[in-house]
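Participant: Take a look at protein-v4.txt, compact mmCIF, C-alpha atoms:
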```
# COMPACT_ATOMS: atom_id res chain seq x y z
CA MET A 208 25.48 16.06 -72.60
CA PRO A 209 25.42 13.21 -75.17
CA VAL A 210 22.58 10.69 -74.98
CA LEU A 211 22.42 7.05 -76.08
CA ARG A 212 18.84 5.91 -76.79
CA ASN A 213 16.87 3.00 -78.21
CA ILE A 214 18.72 0.49 -76.03
CA ALA A 215 17.04 -2.92 -75.91
CA GLN A 216 18.66 -3.82 -72.60
CA LEU A 217 21.10 -1.82 -70.48
CA ALA A 218 23.06 -3.44 -67.64
CA THR A 219 23.84 -1.01 -64.83
CA CYS A 220 25.72 -3.63 -62.74
CA PRO A 221 25.35 -1.78 -59.40
CA SER A 222 28.22 -2.47 -57.01
CA GLY A 223 25.91 -3.14 -54.08
CA ASN A 224 23.62 -5.67 -55.79
CA SER A 225 23.75 -9.42 -55.32
CA GLN A 226 25.86 -11.01 -58.04
CA ASP A 227 22.87 -12.55 -59.81
CA ASP A 228 21.31 -9.11 -60.43
CA ALA A 229 23.01 -7.06 -63.17
CA GLY A 230 20.50 -4.23 -62.84
CA LEU A 231 19.01 -4.75 -66.30
CA ILE A 232 16.83 -1.98 -67.73
CA SER A 233 14.76 -2.61 -70.86
CA ASN A 234 14.01 0.14 -73.40
CA ALA A 235 16.69 2.28 -71.78
CA ALA A 236 18.65 5.47 -72.32
CA ILE A 237 21.84 6.84 -70.79
CA ALA A 238 23.36 10.33 -70.74
CA TRP A 239 26.82 11.49 -69.71
CA GLN A 240 28.66 14.72 -69.09
CA GLY A 241 32.41 14.80 -69.62
CA ASP A 242 33.84 11.48 -68.44
CA SER A 243 31.00 10.59 -66.04
CA VAL A 244 27.54 9.08 -66.32
CA GLU A 245 24.87 11.67 -65.50
CA TRP A 246 21.55 9.87 -66.00
CA VAL A 247 20.37 6.31 -66.71
CA GLY A 248 16.92 4.74 -66.81
CA GLU A 249 13.97 3.84 -68.99
CA ALA A 250 13.90 6.02 -72.10
CA ARG A 251 10.34 7.14 -71.38
CA HIS A 252 11.62 8.81 -68.20
CA LEU A 253 14.47 10.68 -69.89
CA PRO A 254 14.33 14.25 -68.52
CA SER A 255 13.28 16.98 -70.93
CA ARG A 256 16.57 18.83 -70.40
CA TYR A 257 18.19 16.26 -72.72
CA SER A 258 15.75 16.89 -75.59
CA SER A 259 18.15 19.17 -77.45
CA GLU A 260 21.31 17.17 -76.76
CA PRO A 261 23.11 15.03 -79.39
CA VAL A 262 21.64 11.53 -79.57
CA THR A 263 23.18 8.21 -80.68
CA ASP A 264 20.72 5.49 -81.73
CA CYS A 265 21.62 2.10 -80.24
CA GLU A 266 19.28 0.36 -82.71
CA ARG A 267 17.83 -2.06 -80.13
CA ARG A 268 21.16 -3.48 -79.03
CA ILE A 269 22.41 -4.03 -75.49
CA VAL A 270 24.72 -1.75 -73.53
CA ILE A 271 27.08 -2.95 -70.80
CA PRO A 272 29.69 -1.27 -68.61
CA GLY A 273 33.19 -1.30 -70.07
CA LEU A 274 34.63 -4.73 -69.27
CA VAL A 275 37.33 -5.03 -66.59
CA ASP A 276 39.93 -7.77 -67.11
CA CYS A 277 41.19 -8.06 -63.54
CA HIS A 278 43.91 -10.70 -64.06
CA THR A 279 46.40 -10.57 -66.95
CA HIS A 280 50.11 -11.02 -67.55
CA LEU A 281 50.02 -8.47 -70.34
CA CYS A 282 53.72 -7.81 -70.94
CA PHE A 283 56.10 -10.62 -71.91
CA GLY A 284 58.67 -11.60 -74.49
CA GLY A 285 58.12 -14.50 -76.90
CA TRP A 286 55.42 -17.15 -76.87
CA ARG A 287 55.30 -20.81 -75.81
CA ALA A 288 53.51 -22.59 -78.63
CA ASP A 289 55.86 -25.56 -78.23
CA GLU A 290 54.29 -26.25 -74.83
CA PHE A 291 50.88 -26.43 -76.46
CA ALA A 292 52.07 -29.48 -78.39
CA LEU A 293 53.66 -30.98 -75.26
CA ARG A 294 50.42 -30.67 -73.30
CA ILE A 295 48.47 -32.29 -76.13
CA ALA A 296 50.94 -35.18 -75.89
CA GLY A 297 50.20 -35.49 -72.16
CA ALA A 298 52.83 -33.38 -70.40
CA SER A 299 51.62 -31.54 -67.30
CA TYR A 300 52.26 -27.90 -66.36
CA GLN A 301 54.61 -29.08 -63.61
CA GLU A 302 56.54 -31.42 -65.93
CA ILE A 303 57.04 -28.69 -68.52
CA ALA A 304 58.27 -26.27 -65.85
CA ALA A 305 60.67 -28.86 -64.39
CA SER A 306 62.24 -29.35 -67.82
CA GLY A 307 63.06 -25.65 -68.19
CA GLY A 308 59.86 -24.49 -69.86
CA GLY A 309 56.97 -22.53 -68.42
CA ILE A 310 57.64 -19.27 -66.59
CA SER A 311 61.41 -19.74 -66.79
CA SER A 312 61.28 -19.87 -70.59
CA THR A 313 59.30 -16.63 -70.76
CA VAL A 314 61.70 -14.96 -68.32
CA THR A 315 64.57 -15.64 -70.72
CA SER A 316 62.64 -14.15 -73.65
CA THR A 317 61.45 -11.15 -71.64
CA ARG A 318 64.89 -10.28 -70.31
CA SER A 319 66.26 -10.20 -73.86
CA ALA A 320 63.49 -7.91 -75.17
CA SER A 321 63.84 -4.13 -75.07
CA LEU A 322 61.38 -1.86 -73.34
CA GLY A 323 60.25 -0.56 -76.71
CA GLU A 324 59.68 -4.05 -78.10
CA LEU A 325 57.65 -5.03 -75.06
CA ARG A 326 55.64 -1.82 -75.16
CA ARG A 327 54.74 -2.26 -78.83
CA LYS A 328 53.70 -5.89 -78.32
CA ALA A 329 51.57 -5.14 -75.27
CA GLY A 330 50.08 -2.10 -77.00
CA LYS A 331 48.84 -4.20 -79.91
CA THR A 332 47.19 -6.55 -77.47
CA LEU A 333 45.47 -3.62 -75.77
CA ASP A 334 44.19 -2.42 -79.16
CA ALA A 335 42.52 -5.79 -79.69
CA MET A 336 41.14 -5.92 -76.14
CA LEU A 337 39.59 -2.48 -76.51
CA LYS A 338 37.71 -3.60 -79.61
CA LEU A 339 36.17 -6.40 -77.49
CA GLY A 340 34.77 -3.82 -75.06
CA VAL A 341 37.52 -4.03 -72.43
CA THR A 342 38.24 -0.61 -70.92
CA THR A 343 40.32 -1.48 -67.80
CA VAL A 344 43.07 -4.09 -67.48
CA GLU A 345 44.99 -5.30 -64.44
CA CYS A 346 48.50 -6.23 -65.58
CA LYS A 347 51.10 -8.20 -63.66
CA SER A 348 54.86 -8.18 -63.87
CA GLY A 349 56.59 -11.45 -63.03
CA TYR A 350 58.53 -12.30 -66.19
CA GLY A 351 61.63 -10.30 -65.28
CA LEU A 352 62.46 -11.75 -61.85
CA ASP A 353 65.38 -9.42 -61.26
CA ILE A 354 65.56 -5.75 -60.37
CA ALA A 355 66.18 -4.31 -63.83
CA ASN A 356 63.65 -6.41 -65.70
CA GLU A 357 60.81 -6.25 -63.18
CA LEU A 358 61.17 -2.47 -63.22
CA LYS A 359 61.25 -2.60 -67.03
CA LEU A 360 57.89 -4.37 -67.15
CA LEU A 361 56.31 -1.95 -64.70
CA GLU A 362 57.69 0.98 -66.70
CA VAL A 363 56.01 -0.45 -69.83
CA TYR A 364 52.73 -0.42 -67.94
CA ARG A 365 53.30 3.15 -66.73
CA GLN A 366 53.93 4.37 -70.27
CA LEU A 367 50.99 2.51 -71.80
CA ASP A 368 48.65 3.75 -69.09
CA GLN A 369 49.57 7.29 -70.13
CA THR A 370 49.16 6.74 -73.89
CA HIS A 371 46.50 4.07 -74.42
CA ALA A 372 42.74 4.50 -74.08
CA ILE A 373 42.52 1.46 -71.78
CA ASP A 374 43.29 2.16 -68.12
CA LEU A 375 46.02 -0.10 -66.73
CA ILE A 376 46.22 -1.22 -63.11
CA PRO A 377 49.71 -2.64 -62.41
CA THR A 378 50.51 -5.49 -60.04
CA PHE A 379 53.99 -6.53 -58.90
CA LEU A 380 54.42 -10.30 -59.23
CA GLY A 381 58.08 -10.78 -58.44
CA ALA A 382 56.99 -13.84 -56.46
CA HIS A 383 55.98 -15.65 -59.66
CA ALA A 384 58.82 -18.18 -59.66
CA ILE A 385 62.36 -18.54 -58.35
CA PRO A 386 64.69 -17.46 -61.18
CA LYS A 387 67.42 -19.82 -62.34
CA GLU A 388 70.22 -17.84 -60.75
CA PHE A 389 68.62 -18.24 -57.30
CA VAL A 390 67.39 -21.81 -57.57
CA ASN A 391 69.86 -22.94 -54.89
CA ASP A 392 69.43 -19.83 -52.76
CA ARG A 393 65.71 -19.12 -52.38
CA ASP A 394 66.17 -16.98 -49.29
CA SER A 395 68.38 -14.52 -51.15
CA TYR A 396 65.78 -14.05 -53.86
CA ILE A 397 63.04 -13.50 -51.30
CA SER A 398 65.29 -10.96 -49.59
CA LEU A 399 65.78 -9.20 -52.94
CA LEU A 400 62.01 -8.92 -53.31
CA CYS A 401 61.46 -7.69 -49.77
CA ASN A 402 64.46 -5.40 -49.32
CA ASP A 403 65.16 -4.11 -52.82
CA LEU A 404 62.21 -4.35 -55.20
CA ILE A 405 59.12 -3.80 -53.04
CA PRO A 406 60.41 -0.60 -51.38
CA VAL A 407 61.36 0.95 -54.74
CA ILE A 408 58.11 -0.05 -56.46
CA ALA A 409 56.02 1.28 -53.59
CA ARG A 410 57.98 4.53 -53.35
CA GLU A 411 57.78 5.18 -57.10
CA GLY A 412 54.11 4.17 -57.31
CA LEU A 413 54.83 1.61 -60.04
CA ALA A 414 52.29 -0.94 -58.79
CA ARG A 415 49.16 -0.75 -56.65
CA PHE A 416 49.15 -4.45 -55.75
CA CYS A 417 51.60 -7.19 -54.84
CA ASP A 418 50.83 -10.77 -55.87
CA ALA A 419 52.44 -14.14 -55.10
CA PHE A 420 52.08 -17.58 -56.69
CA VAL A 421 51.43 -20.00 -53.84
CA GLU A 422 51.96 -23.47 -55.27
CA ALA A 423 54.32 -26.44 -55.10
CA GLY A 424 57.25 -25.46 -57.31
CA ALA A 425 56.58 -21.74 -56.80
CA PHE A 426 56.28 -20.24 -53.29
CA SER A 427 55.21 -21.78 -50.00
CA VAL A 428 52.59 -20.24 -47.74
CA THR A 429 55.34 -19.16 -45.35
CA GLU A 430 57.38 -17.50 -48.11
CA ALA A 431 54.36 -15.76 -49.60
CA ARG A 432 53.22 -14.52 -46.19
CA LYS A 433 56.61 -12.87 -45.65
CA ILE A 434 56.69 -11.21 -49.09
CA LEU A 435 53.10 -10.00 -49.02
CA SER A 436 53.35 -8.75 -45.44
CA VAL A 437 56.32 -6.58 -46.44
CA ALA A 438 54.32 -5.26 -49.40
CA ALA A 439 51.41 -4.41 -47.10
CA GLU A 440 53.79 -2.57 -44.76
CA HIS A 441 54.78 -0.44 -47.76
CA GLY A 442 51.16 0.43 -48.52
CA MET A 443 50.52 -2.06 -51.33
CA GLN A 444 47.37 -4.16 -51.44
CA VAL A 445 47.60 -7.94 -51.63
CA LYS A 446 46.56 -10.47 -54.27
CA ILE A 447 47.37 -14.20 -54.35
CA HIS A 448 47.59 -16.84 -57.07
CA ALA A 449 45.91 -19.51 -54.97
CA ASP A 450 45.15 -23.24 -55.24
CA GLN A 451 45.56 -23.44 -59.02
CA LEU A 452 47.14 -26.89 -59.36
CA SER A 453 46.58 -28.24 -55.84
CA ASP A 454 45.08 -27.24 -52.52
CA GLY A 455 48.16 -25.46 -51.24
CA GLY A 456 46.52 -23.24 -48.65
CA GLY A 457 46.56 -20.14 -50.81
CA ALA A 458 42.91 -19.28 -50.21
CA THR A 459 43.34 -19.49 -46.46
CA LEU A 460 46.41 -17.25 -46.65
CA ALA A 461 44.49 -14.76 -48.79
CA ALA A 462 41.80 -14.57 -46.12
CA GLU A 463 44.38 -14.27 -43.34
CA LEU A 464 46.03 -11.31 -45.09
CA SER A 465 42.69 -9.71 -46.07
CA ALA A 466 43.73 -9.95 -49.70
CA VAL A 467 41.71 -7.99 -52.23
CA SER A 468 41.52 -11.11 -54.39
CA ALA A 469 42.41 -14.79 -54.51
CA GLU A 470 42.93 -15.85 -58.11
CA HIS A 471 42.51 -19.27 -59.80
CA LEU A 472 41.10 -21.42 -56.92
CA GLU A 473 40.53 -24.47 -59.10
CA TYR A 474 41.44 -26.72 -56.13
CA VAL A 475 40.15 -24.55 -53.30
CA SER A 476 39.01 -26.49 -50.23
CA ALA A 477 35.78 -26.09 -48.30
CA GLU A 478 37.84 -24.51 -45.52
CA GLY A 479 39.36 -22.09 -48.02
CA ILE A 480 35.93 -21.10 -49.32
CA ALA A 481 34.67 -20.46 -45.79
CA ALA A 482 37.73 -18.35 -45.02
CA LEU A 483 37.27 -16.25 -48.17
CA ALA A 484 33.62 -15.67 -47.27
CA ARG A 485 34.62 -14.36 -43.85
CA SER A 486 37.33 -12.06 -45.22
CA GLY A 487 35.33 -10.58 -48.12
CA THR A 488 38.10 -11.47 -50.57
CA VAL A 489 37.06 -11.65 -54.23
CA ALA A 490 37.55 -14.99 -55.98
CA VAL A 491 38.88 -14.47 -59.52
CA SER A 492 37.86 -17.16 -61.98
CA LEU A 493 40.18 -17.87 -64.92
CA PRO A 494 38.35 -20.38 -67.12
CA LEU A 495 40.69 -19.99 -70.09
CA ALA A 496 43.57 -21.34 -67.97
CA SER A 497 41.47 -24.36 -66.98
CA PHE A 498 40.60 -24.88 -70.64
CA TYR A 499 44.18 -24.75 -71.92
CA LEU A 500 45.66 -26.80 -69.06
CA GLY A 501 42.87 -29.37 -68.88
CA GLU A 502 42.40 -28.60 -65.19
CA PRO A 503 39.13 -28.41 -63.24
CA TYR A 504 37.19 -25.15 -63.36
CA LEU A 505 36.73 -22.94 -60.32
CA PRO A 506 33.77 -24.19 -58.22
CA ALA A 507 31.71 -21.07 -58.75
CA ARG A 508 28.42 -22.38 -57.37
CA GLU A 509 30.06 -23.37 -54.07
CA LEU A 510 31.80 -20.01 -53.76
CA LEU A 511 28.69 -18.00 -54.62
CA SER A 512 26.55 -20.05 -52.26
CA ALA A 513 29.01 -19.30 -49.47
CA GLY A 514 28.78 -15.56 -50.21
CA VAL A 515 32.11 -15.18 -52.00
CA PRO A 516 31.94 -12.74 -54.96
CA VAL A 517 33.34 -14.28 -58.16
CA ALA A 518 35.08 -12.19 -60.81
CA VAL A 519 35.85 -13.49 -64.31
CA ALA A 520 39.12 -12.67 -66.09
CA THR A 521 41.36 -14.08 -68.83
CA ASP A 522 44.74 -14.78 -67.17
CA PHE A 523 46.21 -13.76 -70.53
CA ASN A 524 49.81 -15.04 -70.66
CA PRO A 525 52.10 -16.77 -73.18
CA GLY A 526 51.76 -20.28 -71.77
CA SER A 527 48.72 -21.42 -69.81
CA ALA A 528 46.15 -18.91 -71.14
CA PRO A 529 47.35 -17.41 -74.44
CA SER A 530 44.07 -15.60 -75.15
CA PHE A 531 42.95 -12.09 -74.18
CA HIS A 532 39.32 -12.73 -75.24
CA LEU A 533 37.34 -11.82 -72.12
CA PRO A 534 33.90 -12.46 -73.70
CA LEU A 535 35.06 -16.01 -74.50
CA ALA A 536 36.11 -16.47 -70.87
CA MET A 537 32.68 -15.19 -69.83
CA THR A 538 30.87 -17.72 -72.02
CA MET A 539 33.09 -20.49 -70.65
CA ALA A 540 32.26 -19.41 -67.09
CA CYS A 541 28.58 -19.84 -67.95
CA VAL A 542 29.07 -23.27 -69.50
CA HIS A 543 31.72 -24.81 -67.25
CA GLN A 544 31.13 -23.01 -63.96
CA ARG A 545 27.33 -22.93 -64.17
CA MET A 546 27.23 -19.18 -63.67
CA THR A 547 24.26 -17.27 -65.04
CA ALA A 548 24.73 -14.57 -67.66
CA GLN A 549 24.00 -11.87 -65.06
CA GLU A 550 26.49 -13.39 -62.59
CA VAL A 551 29.14 -13.51 -65.30
CA LEU A 552 28.55 -9.96 -66.50
CA ASN A 553 28.81 -8.67 -62.94
CA GLY A 554 31.93 -10.81 -62.60
CA ALA A 555 33.58 -9.03 -65.53
CA THR A 556 32.44 -5.55 -64.51
CA THR A 557 31.55 -4.51 -60.96
CA ILE A 558 33.04 -7.58 -59.18
CA ALA A 559 36.16 -7.36 -61.34
CA ALA A 560 36.37 -3.67 -60.41
CA ARG A 561 36.17 -4.71 -56.77
CA ALA A 562 39.08 -7.10 -57.37
CA VAL A 563 41.20 -4.05 -58.28
CA SER A 564 39.74 -1.79 -55.56
CA ALA A 565 37.98 0.42 -58.09
CA SER A 566 34.29 -0.50 -57.77
CA ASP A 567 33.46 3.03 -56.63
CA ARG A 568 34.24 4.48 -60.08
CA ILE A 569 34.27 1.75 -62.77
CA GLY A 570 32.32 -1.40 -63.55
CA SER A 571 28.85 0.14 -63.17
CA LEU A 572 26.69 2.44 -65.30
CA LEU A 573 25.18 4.74 -62.69
CA PRO A 574 25.37 8.51 -62.13
CA GLY A 575 28.85 9.50 -60.96
CA TYR A 576 30.57 6.44 -62.42
CA ARG A 577 33.06 6.61 -65.27
CA ALA A 578 31.36 6.82 -68.67
CA ASP A 579 32.92 3.58 -69.93
CA LEU A 580 30.54 1.38 -71.90
CA ALA A 581 30.28 -1.03 -74.80
CA ILE A 582 27.48 -1.49 -77.32
CA ILE A 583 26.96 -5.19 -78.02
CA ASP A 584 25.26 -6.31 -81.21
CA SER A 585 22.72 -8.53 -79.51
CA PRO A 586 19.13 -8.05 -78.29
CA SER A 587 19.78 -9.47 -74.81
CA LEU A 588 22.50 -10.45 -72.37
CA ASN A 589 21.61 -14.14 -72.57
CA GLN A 590 21.68 -14.07 -76.36
CA TRP A 591 25.13 -12.45 -76.38
CA LEU A 592 26.79 -14.98 -74.10
CA TYR A 593 24.92 -17.94 -75.59
CA HIS A 594 25.47 -17.15 -79.28
CA PHE A 595 29.24 -16.68 -79.24
CA VAL A 596 30.78 -14.81 -82.19
CA PRO A 597 34.36 -13.57 -82.63
CA ASN A 598 33.39 -10.06 -81.53
CA ALA A 599 29.89 -8.73 -80.91
CA CYS A 600 31.13 -5.35 -79.66
CA ILE A 601 30.46 -2.66 -82.25
CA LYS A 602 31.30 0.53 -80.35
CA VAL A 603 33.15 1.55 -77.18
CA LEU A 604 32.80 4.67 -75.06
CA LYS A 605 35.83 5.39 -72.88
CA ASN A 606 35.89 8.31 -70.44
CA GLY A 607 32.87 9.79 -72.18
CA ALA A 608 34.35 9.70 -75.71
CA TRP A 609 33.73 7.23 -78.51
CA VAL A 610 36.97 5.38 -79.10
CA SER A 611 38.38 5.32 -82.63
CA ASN A 612 38.89 1.97 -84.30
CA THR A 613 42.32 3.18 -85.40
CA PRO A 614 45.05 1.48 -83.32
CA ALA A 615 46.99 3.70 -80.96
CA ASN A 616 50.56 4.67 -81.78
CA HIS A 617 52.81 2.66 -79.50
```
Could you render the structure as structure tokens?
Facilitator:
Amino acid sequence: MPVLRNIAQLATCPSGNSQDDAGLISNAAIAWQGDSVEWVGEARHLPSRYSSEPVTDCERRIVIPGLVDCHTHLCFGGWRADEFALRIAGASYQEIAASGGGISSTVTSTRSASLGELRRKAGKTLDAMLKLGVTTVECKSGYGLDIANELKLLEVYRQLDQTHAIDLIPTFLGAHAIPKEFVNDRDSYISLLCNDLIPVIAREGLARFCDAFVEAGAFSVTEARKILSVAAEHGMQVKIHADQLSDGGGATLAAELSAVSAEHLEYVSAEGIAALARSGTVAVSLPLASFYLGEPYLPARELLSAGVPVAVATDFNPGSAPSFHLPLAMTMACVHQRMTAQEVLNGATTIAARAVSASDRIGSLLPGYRADLAIIDSPSLNQWLYHFVPNACIKVLKNGAWVSNTPANH
């Protein structure tokens, strides 16, 4: 039963607490057995049965649950650095997409990449995320947009989940955009999703969730309702890209369908916020996307005041959020969304775990939870998120074992 002692501040992040209470314990210790936490509390109360167990000295640093990035587009071909220059020159997301860029550009690159190439690229990203203290990652498809390539992306996730230390939680996002070959026949593409892809993905267990991008230029509320309802009939849980570039009714649809999460919400309406509060849907904040696109940030204070839990994630993708740095997104949520450090930490741990229906086993450091944690080289939570450095994480425990700094073999 290994023990970690001399912890300046340990965040337990209990799943039942209010979001502004991260369950901080000063002068703490934690012990685990196998892959599960066994004891946590003030070091002076550490039971005597641990006196002969191996001890790691935290050297007055802080300890947090392993971070959960609950919204990423991990697997894709190519990059879109050219769009970065276009946005600097004043082009909007919608204008770039209309000219053949955006998601369509990445679909072309992804279709031409082999499974092995995609797996190696995504694996290197996971290596870097793990070093930041991220131990669980939700990962969406959505850059294949045909049967063979959507299944290829989900197969990459299946293989990486088996071989990488980070746990992957796959989401099917076939309703990301209408592919070029169906641009004049939207109904046929929606039928392909509902009649061909969703049944296979559900039967093979390739994705736990089904997502849809509800936005002008993507999918209407009516189209998304049809796709997501079919997914729910096949036992998949629902997520929605909602109200990112306009108030398109995505939040209200998420509430109607009892979605696990509504993600983005930069333009969510007061009615949408009220609906999310009634449904218990998690709002997923993606401040890096707002930063890169120059769009408003999610109205966190309004959502939290209404009783909507707010997760924080990266939206890592090759165009609108080309960064997997979750601690940076957390600092930006503090600065631009006026969230406290405790609200943000909960948002990237226990609330993020709730956004992937896993808050009963990850995202908290309490007896019975997964022994996933990160040691942060800082004396306090506020200091860590205030004094941003490239990486303050010095050690990661995953499933009760210290993770090697040597990259995995992909």
Participant: List the residues sitting within 12 Å of (58.9, -30.2, -69.4) in the file's frame, using only C-alpha atoms, as number ranges by chain.
Facilitator: A: 287, 289-294, 296-312
Participant: Choose the residue, out of A:Asn524, A:Gln226, A:Thr343, A:Ser233, that has the smallest atom-to-atom separation from Thr313 (chain A); count all atoms listed in the file.
Facilitator: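 For Thr313 (chain A), the nearest of the candidates is A:Asn524.
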Participant: From the list A:Met546, A:Val467, A:Ala477, A:Val270, which residue is nearest Pro494 (chain A) when using only C-alpha atoms?
Facilitator: A:Met546
Participant: Pick out the closest residue to Trp239 (chain A) from this set: A:Thr317, A:Gln549, A:Gln216, A:Asn606. Count only C-alpha atoms.
Facilitator: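 When distances to Trp239 (chain A) are compared using only C-alpha atoms, the smallest one comes from A:Asn606.
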Participant: Around (41.2, -26.8, -60.3) in the file's frame, which residues reach within 9 Å when counting all atoms listed in the file? Return as a ChimeraX atom specification?
Facilitator: /A:450-454,471-475,497,502-506
Participant: Excluding Leu464 (chain A) and residues on its chain fewer than 3 positions from it, collect all residues at most 8 Å away from it, counting only C-alpha atoms, and give them as an mmCIF file with C-alpha atoms, keeping the file's coordinate frame.
Facilitator:
```
data_model
loop_
_atom_site.group_PDB
_atom_site.id
_atom_site.type_symbol
_atom_site.label_atom_id
_atom_site.label_comp_id
_atom_site.auth_asym_id
_atom_site.auth_seq_id
_atom_site.Cartn_x
_atom_site.Cartn_y
_atom_site.Cartn_z
ATOM 1 C CA ARG A 432 53.220 -14.520 -46.190
ATOM 2 C CA SER A 436 53.350 -8.750 -45.440
ATOM 3 C CA VAL A 445 47.600 -7.940 -51.630
ATOM 4 C CA LEU A 460 46.410 -17.250 -46.650
ATOM 5 C CA ALA A 461 44.490 -14.760 -48.790
#
```
Participant: Given all atoms listed in the file as the basis, pick out the residue of A:Val517, A:Leu552, A:Ala449, A:Ile237 nearest to Phe420 (chain A).
Facilitator: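 Closest to Phe420 (chain A), using all atoms listed in the file: A:Ala449.
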Participant: Leaving out region 554-562 of chain A and any residue of its chain fewer than 3 positions from it, which residues lie within 10 Å of it when counting all atoms listed in the file, given as a tab-separated table (two decimals) with C-alpha atoms, in the frame of the given file?
Facilitator:
```
chain	number	residue	atom	x	y	z
A	219	THR	CA	23.84	-1.01	-64.83
A	220	CYS	CA	25.72	-3.63	-62.74
A	221	PRO	CA	25.35	-1.78	-59.40
A	222	SER	CA	28.22	-2.47	-57.01
A	223	GLY	CA	25.91	-3.14	-54.08
A	224	ASN	CA	23.62	-5.67	-55.79
A	226	GLN	CA	25.86	-11.01	-58.04
A	227	ASP	CA	22.87	-12.55	-59.81
A	229	ALA	CA	23.01	-7.06	-63.17
A	271	ILE	CA	27.08	-2.95	-70.80
A	272	PRO	CA	29.69	-1.27	-68.61
A	273	GLY	CA	33.19	-1.30	-70.07
A	274	LEU	CA	34.63	-4.73	-69.27
A	275	VAL	CA	37.33	-5.03	-66.59
A	276	ASP	CA	39.93	-7.77	-67.11
A	277	CYS	CA	41.19	-8.06	-63.54
A	278	HIS	CA	43.91	-10.70	-64.06
A	341	VAL	CA	37.52	-4.03	-72.43
A	342	THR	CA	38.24	-0.61	-70.92
A	343	THR	CA	40.32	-1.48	-67.80
A	344	VAL	CA	43.07	-4.09	-67.48
A	345	GLU	CA	44.99	-5.30	-64.44
A	446	LYS	CA	46.56	-10.47	-54.27
A	466	ALA	CA	43.73	-9.95	-49.70
A	467	VAL	CA	41.71	-7.99	-52.23
A	468	SER	CA	41.52	-11.11	-54.39
A	469	ALA	CA	42.41	-14.79	-54.51
A	470	GLU	CA	42.93	-15.85	-58.11
A	488	THR	CA	38.10	-11.47	-50.57
A	489	VAL	CA	37.06	-11.65	-54.23
A	490	ALA	CA	37.55	-14.99	-55.98
A	491	VAL	CA	38.88	-14.47	-59.52
A	492	SER	CA	37.86	-17.16	-61.98
A	516	PRO	CA	31.94	-12.74	-54.96
A	517	VAL	CA	33.34	-14.28	-58.16
A	518	ALA	CA	35.08	-12.19	-60.81
A	519	VAL	CA	35.85	-13.49	-64.31
A	520	ALA	CA	39.12	-12.67	-66.09
A	521	THR	CA	41.36	-14.08	-68.83
A	533	LEU	CA	37.34	-11.82	-72.12
A	534	PRO	CA	33.90	-12.46	-73.70
A	536	ALA	CA	36.11	-16.47	-70.87
A	537	MET	CA	32.68	-15.19	-69.83
A	540	ALA	CA	32.26	-19.41	-67.09
A	546	MET	CA	27.23	-19.18	-63.67
A	548	ALA	CA	24.73	-14.57	-67.66
A	549	GLN	CA	24.00	-11.87	-65.06
A	550	GLU	CA	26.49	-13.39	-62.59
A	551	VAL	CA	29.14	-13.51	-65.30
A	565	ALA	CA	37.98	0.42	-58.09
A	566	SER	CA	34.29	-0.50	-57.77
A	567	ASP	CA	33.46	3.03	-56.63
A	568	ARG	CA	34.24	4.48	-60.08
A	569	ILE	CA	34.27	1.75	-62.77
A	570	GLY	CA	32.32	-1.40	-63.55
A	571	SER	CA	28.85	0.14	-63.17
A	572	LEU	CA	26.69	2.44	-65.30
```
Participant: Please identify all polymer residues within 8 Å of Met208 (chain A), counting all atoms listed in the file, omitting same-chain residues fewer than 2 positions from it, and present them as a ChimeraX atom specification.
Facilitator: /A:210,238-241,257,260-261
Participant: So how many Å separate CA of Asp334 (chain A) and CA of Cys541 (chain A), to one decimal?
Facilitator: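 Between these atoms lies a distance of 25.9 Å.
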Participant: Could you check how far CA of Leu495 (chain A) sits from CA of Ala528 (chain A), in Å to one decimal?
Facilitator: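 Going from CA of Leu495 (chain A) over to CA of Ala528 (chain A), I get 5.7 Å.
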Participant: Could you jot down the CA of Trp609 (chain A) to CA of His280 (chain A) separation for me, Å, one decimal place?
Facilitator: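 CA of Trp609 (chain A) sits 26.9 Å away from CA of His280 (chain A).
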Participant: List as a tab-separated table (two decimals) with C-alpha atoms, keeping the file's coordinate frame the protein and nucleic acid residues near Leu360 (chain A), meaning an atom at most 10 Å away when all atoms listed in the file are counted, but skip any in the same chain fewer than 4 places from it.
Facilitator:
```tsv
chain	number	residue	atom	x	y	z
A	281	LEU	CA	50.02	-8.47	-70.34
A	282	CYS	CA	53.72	-7.81	-70.94
A	283	PHE	CA	56.10	-10.62	-71.91
A	317	THR	CA	61.45	-11.15	-71.64
A	318	ARG	CA	64.89	-10.28	-70.31
A	321	SER	CA	63.84	-4.13	-75.07
A	322	LEU	CA	61.38	-1.86	-73.34
A	325	LEU	CA	57.65	-5.03	-75.06
A	326	ARG	CA	55.64	-1.82	-75.16
A	346	CYS	CA	48.50	-6.23	-65.58
A	347	LYS	CA	51.10	-8.20	-63.66
A	348	SER	CA	54.86	-8.18	-63.87
A	349	GLY	CA	56.59	-11.45	-63.03
A	350	TYR	CA	58.53	-12.30	-66.19
A	351	GLY	CA	61.63	-10.30	-65.28
A	355	ALA	CA	66.18	-4.31	-63.83
A	356	ASN	CA	63.65	-6.41	-65.70
A	364	TYR	CA	52.73	-0.42	-67.94
A	365	ARG	CA	53.30	3.15	-66.73
A	377	PRO	CA	49.71	-2.64	-62.41
A	379	PHE	CA	53.99	-6.53	-58.90
A	413	LEU	CA	54.83	1.61	-60.04
```
Participant: Identify which of the residues A:Ser243, A:Gly575, A:Ser527, A:Ser512 lies closest to Ala288 (chain A), counting all atoms listed in the file when measuring atom-to-atom distances.
Facilitator: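 Checking each candidate against Ala288 (chain A), we get A:Ser527 as the closest.
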